[in-house]
$ cat model.cif   # mmCIF, C-alpha atoms
data_query
#
loop_
_atom_site.group_PDB
_atom_site.id
_atom_site.type_symbol
_atom_site.label_atom_id
_atom_site.label_comp_id
_atom_site.auth_asym_id
_atom_site.auth_seq_id
_atom_site.Cartn_x
_atom_site.Cartn_y
_atom_site.Cartn_z
ATOM 1 C CA ILE A 1 3.382 -32.848 -19.107
ATOM 2 C CA ASN A 2 0.716 -30.466 -20.317
ATOM 3 C CA ALA A 3 0.598 -27.663 -17.745
ATOM 4 C CA GLU A 4 -2.524 -25.977 -19.088
ATOM 5 C CA TYR A 5 -5.331 -25.767 -16.571
ATOM 6 C CA MET A 6 -3.685 -27.889 -13.904
ATOM 7 C CA GLY A 7 -5.702 -25.641 -11.577
ATOM 8 C CA GLY A 8 -9.181 -26.089 -12.998
ATOM 9 C CA ALA A 9 -12.582 -26.190 -11.331
ATOM 10 C CA ASP A 10 -12.086 -29.716 -9.970
ATOM 11 C CA GLU A 11 -8.706 -28.881 -8.429
ATOM 12 C CA LEU A 12 -9.958 -25.612 -6.938
ATOM 13 C CA ARG A 13 -12.790 -27.515 -5.212
ATOM 14 C CA LEU A 14 -10.157 -29.621 -3.420
ATOM 15 C CA LEU A 15 -8.620 -26.581 -1.712
ATOM 16 C CA PRO A 16 -9.502 -25.912 1.919
ATOM 17 C CA ALA A 17 -11.961 -23.101 2.597
ATOM 18 C CA GLY A 18 -10.223 -19.733 2.574
ATOM 19 C CA ALA A 19 -7.221 -20.959 0.567
ATOM 20 C CA ILE A 20 -5.139 -18.366 -1.257
ATOM 21 C CA VAL A 21 -4.147 -19.178 -4.850
ATOM 22 C CA VAL A 22 -0.797 -17.781 -5.994
ATOM 23 C CA ASN A 23 0.250 -17.971 -9.647
ATOM 24 C CA VAL A 24 3.614 -16.522 -10.596
ATOM 25 C CA GLY A 25 4.553 -19.225 -13.096
ATOM 26 C CA ARG A 26 2.469 -19.609 -16.237
ATOM 27 C CA GLY A 27 -0.888 -17.986 -16.890
ATOM 28 C CA ALA A 28 -2.549 -21.012 -18.438
ATOM 29 C CA VAL A 29 -1.838 -23.198 -15.386
ATOM 30 C CA VAL A 30 -4.891 -21.804 -13.602
ATOM 31 C CA ASP A 31 -8.265 -21.727 -15.306
ATOM 32 C CA GLU A 32 -9.135 -18.048 -14.826
ATOM 33 C CA CYS A 33 -12.872 -18.596 -15.338
ATOM 34 C CA ALA A 34 -12.961 -21.347 -12.712
ATOM 35 C CA LEU A 35 -10.817 -19.261 -10.343
ATOM 36 C CA THR A 36 -13.021 -16.195 -10.809
ATOM 37 C CA GLU A 37 -16.118 -18.242 -10.005
ATOM 38 C CA ALA A 38 -14.473 -19.794 -6.923
ATOM 39 C CA LEU A 39 -13.401 -16.339 -5.699
ATOM 40 C CA GLN A 40 -16.843 -14.816 -6.278
ATOM 41 C CA GLU A 41 -18.536 -17.684 -4.446
ATOM 42 C CA GLY A 42 -16.085 -17.534 -1.544
ATOM 43 C CA ARG A 43 -14.789 -21.079 -2.066
ATOM 44 C CA VAL A 44 -11.315 -19.593 -2.517
ATOM 45 C CA GLY A 45 -10.373 -16.865 -0.073
ATOM 46 C CA GLY A 46 -8.125 -14.879 -2.363
ATOM 47 C CA ALA A 47 -5.610 -14.899 -5.165
ATOM 48 C CA ALA A 48 -2.257 -13.271 -5.887
ATOM 49 C CA LEU A 49 -1.708 -13.342 -9.636
ATOM 50 C CA ASP A 50 1.327 -12.290 -11.638
ATOM 51 C CA VAL A 51 0.622 -14.189 -14.866
ATOM 52 C CA PHE A 52 -2.461 -14.653 -16.996
ATOM 53 C CA ALA A 53 -3.626 -16.610 -20.020
ATOM 54 C CA GLN A 54 -3.664 -13.292 -21.916
ATOM 55 C CA GLU A 55 -1.163 -10.637 -20.937
ATOM 56 C CA PRO A 56 -1.628 -8.004 -20.043
ATOM 57 C CA LEU A 57 -4.797 -8.982 -18.238
ATOM 58 C CA PRO A 58 -7.647 -7.495 -20.308
ATOM 59 C CA GLY A 59 -9.378 -4.509 -18.759
ATOM 60 C CA GLU A 60 -12.738 -6.269 -18.939
ATOM 61 C CA SER A 61 -11.537 -9.233 -16.857
ATOM 62 C CA PRO A 62 -13.703 -9.662 -13.746
ATOM 63 C CA LEU A 63 -10.526 -10.345 -11.758
ATOM 64 C CA TRP A 64 -9.804 -6.598 -11.685
ATOM 65 C CA ALA A 65 -12.986 -5.901 -9.721
ATOM 66 C CA LEU A 66 -12.626 -8.606 -7.085
ATOM 67 C CA PRO A 67 -11.544 -7.257 -3.688
ATOM 68 C CA ASN A 68 -9.856 -10.556 -2.805
ATOM 69 C CA VAL A 69 -7.441 -10.516 -5.771
ATOM 70 C CA LEU A 70 -3.967 -8.996 -5.930
ATOM 71 C CA VAL A 71 -2.682 -8.411 -9.465
ATOM 72 C CA SER A 72 0.997 -7.734 -10.068
ATOM 73 C CA PRO A 73 2.429 -6.419 -13.346
ATOM 74 C CA HIS A 74 4.549 -9.453 -14.341
ATOM 75 C CA THR A 75 7.837 -7.638 -14.533
ATOM 76 C CA MET A 76 11.154 -9.118 -13.551
ATOM 77 C CA ASP A 77 14.760 -8.124 -13.331
ATOM 78 C CA ASN A 78 17.596 -10.420 -12.346
ATOM 79 C CA SER A 79 19.491 -7.884 -10.279
ATOM 80 C CA SER A 80 19.919 -8.629 -6.585
ATOM 81 C CA THR A 81 18.532 -5.193 -5.719
ATOM 82 C CA PHE A 82 15.321 -5.740 -7.665
ATOM 83 C CA CYS A 83 14.797 -9.187 -6.169
ATOM 84 C CA ARG A 84 15.444 -7.949 -2.618
ATOM 85 C CA LEU A 85 13.119 -4.952 -2.994
ATOM 86 C CA SER A 86 10.420 -6.998 -4.708
ATOM 87 C CA GLU A 87 10.527 -9.597 -1.951
ATOM 88 C CA ARG A 88 10.336 -6.858 0.690
ATOM 89 C CA ASP A 89 7.330 -5.208 -0.980
ATOM 90 C CA LEU A 90 5.557 -8.516 -1.595
ATOM 91 C CA ARG A 91 6.028 -9.516 2.051
ATOM 92 C CA HIS A 92 4.728 -6.105 3.151
ATOM 93 C CA ASN A 93 1.666 -6.343 0.908
ATOM 94 C CA ILE A 94 0.777 -9.876 1.969
ATOM 95 C CA LEU A 95 0.992 -8.987 5.668
ATOM 96 C CA GLN A 96 -0.869 -5.704 5.198
ATOM 97 C CA TYR A 97 -3.600 -7.404 3.169
ATOM 98 C CA LEU A 98 -4.065 -10.109 5.783
ATOM 99 C CA ASP A 99 -4.131 -7.603 8.662
ATOM 100 C CA HIS A 100 -5.818 -4.550 7.138
ATOM 101 C CA GLY A 101 -7.172 -5.285 3.668
ATOM 102 C CA VAL A 102 -6.507 -3.587 0.377
ATOM 103 C CA ALA A 103 -6.277 0.046 1.534
ATOM 104 C CA THR A 104 -2.762 -0.284 3.010
ATOM 105 C CA LEU A 105 -1.023 -1.951 0.065
ATOM 106 C CA LYS A 106 2.071 -0.492 -1.595
ATOM 107 C CA ASN A 107 2.090 0.183 -5.336
ATOM 108 C CA ARG A 108 -1.650 -0.203 -5.881
ATOM 109 C CA ILE A 109 -3.039 0.322 -9.346
ATOM 110 C CA ASP A 110 -4.573 3.755 -9.874
ATOM 111 C CA PHE A 111 -7.228 3.132 -12.504
ATOM 112 C CA THR A 112 -7.782 6.861 -12.984
ATOM 113 C CA ARG A 113 -4.126 7.223 -14.011
ATOM 114 C CA GLY A 114 -4.062 4.022 -16.032
ATOM 115 C CA TYR A 115 -1.297 2.276 -14.096
#

$ encode --input "model.cif" --output "structure tokens"
Amino acid sequence: INAEYMGGADELRLLPAGAIVVNVGRGAVVDECALTEALQEGRVGGAALDVFAQEPLPGESPLWALPNVLVSPHTMDNSSTFCRLSERDLRHNILQYLDHGVATLKNRIDFTRGY
């Protein structure tokens, strides 16, 4: 099975209005151009992205500027502590985002500091 662009423009149009796209698997599974367009047009309500076609995500990617996109740094550790803490923080951020928007998220990127 070729997993590239299984989430292209046609597939994104099939999602219900306000759907949230989550990609933590392989960057090339979701067509980033099609996703960006769907997010900008409001056809997709938001996205949580941990992987990208090019990693790290280039600074000029329009995904960085979209208020309805959460970008995570694609880091992983197999320790039980890391997994437990990551799950806790992810749960916190999802609930905070849904209830209050971006301002209350943990571990936000500080573009002035470069991380």

$ resolve_selection --input "model.cif" --expression "the PyMOL selection byres ((chain A and resi 52-69) around 12)" --output "PyMOL selection string"
chain A and resi 4-5+18-51+70-75+94+97-98+101-103+108-111+114-115

$ atom_distance --input "model.cif" --atom1 "atom CA of Lys106 of chain A" --atom2 "atom CA of Ser86 of chain A"
11.0 Å

$ closest_residue --input "model.cif" --among "A:Ala17, A:Gly7, A:Thr112, A:Leu105" --to "Arg91 of chain A" --atoms "all atoms listed in the file"
A:Leu105

$ atom_distance --input "model.cif" --atom1 "atom CA of Leu14 of chain A" --atom2 "atom CA of Leu95 of chain A"
25.2 Å

$ atom_distance --input "model.cif" --atom1 "atom CA of Leu12 of chain A" --atom2 "atom CA of His100 of chain A"
25.7 Å
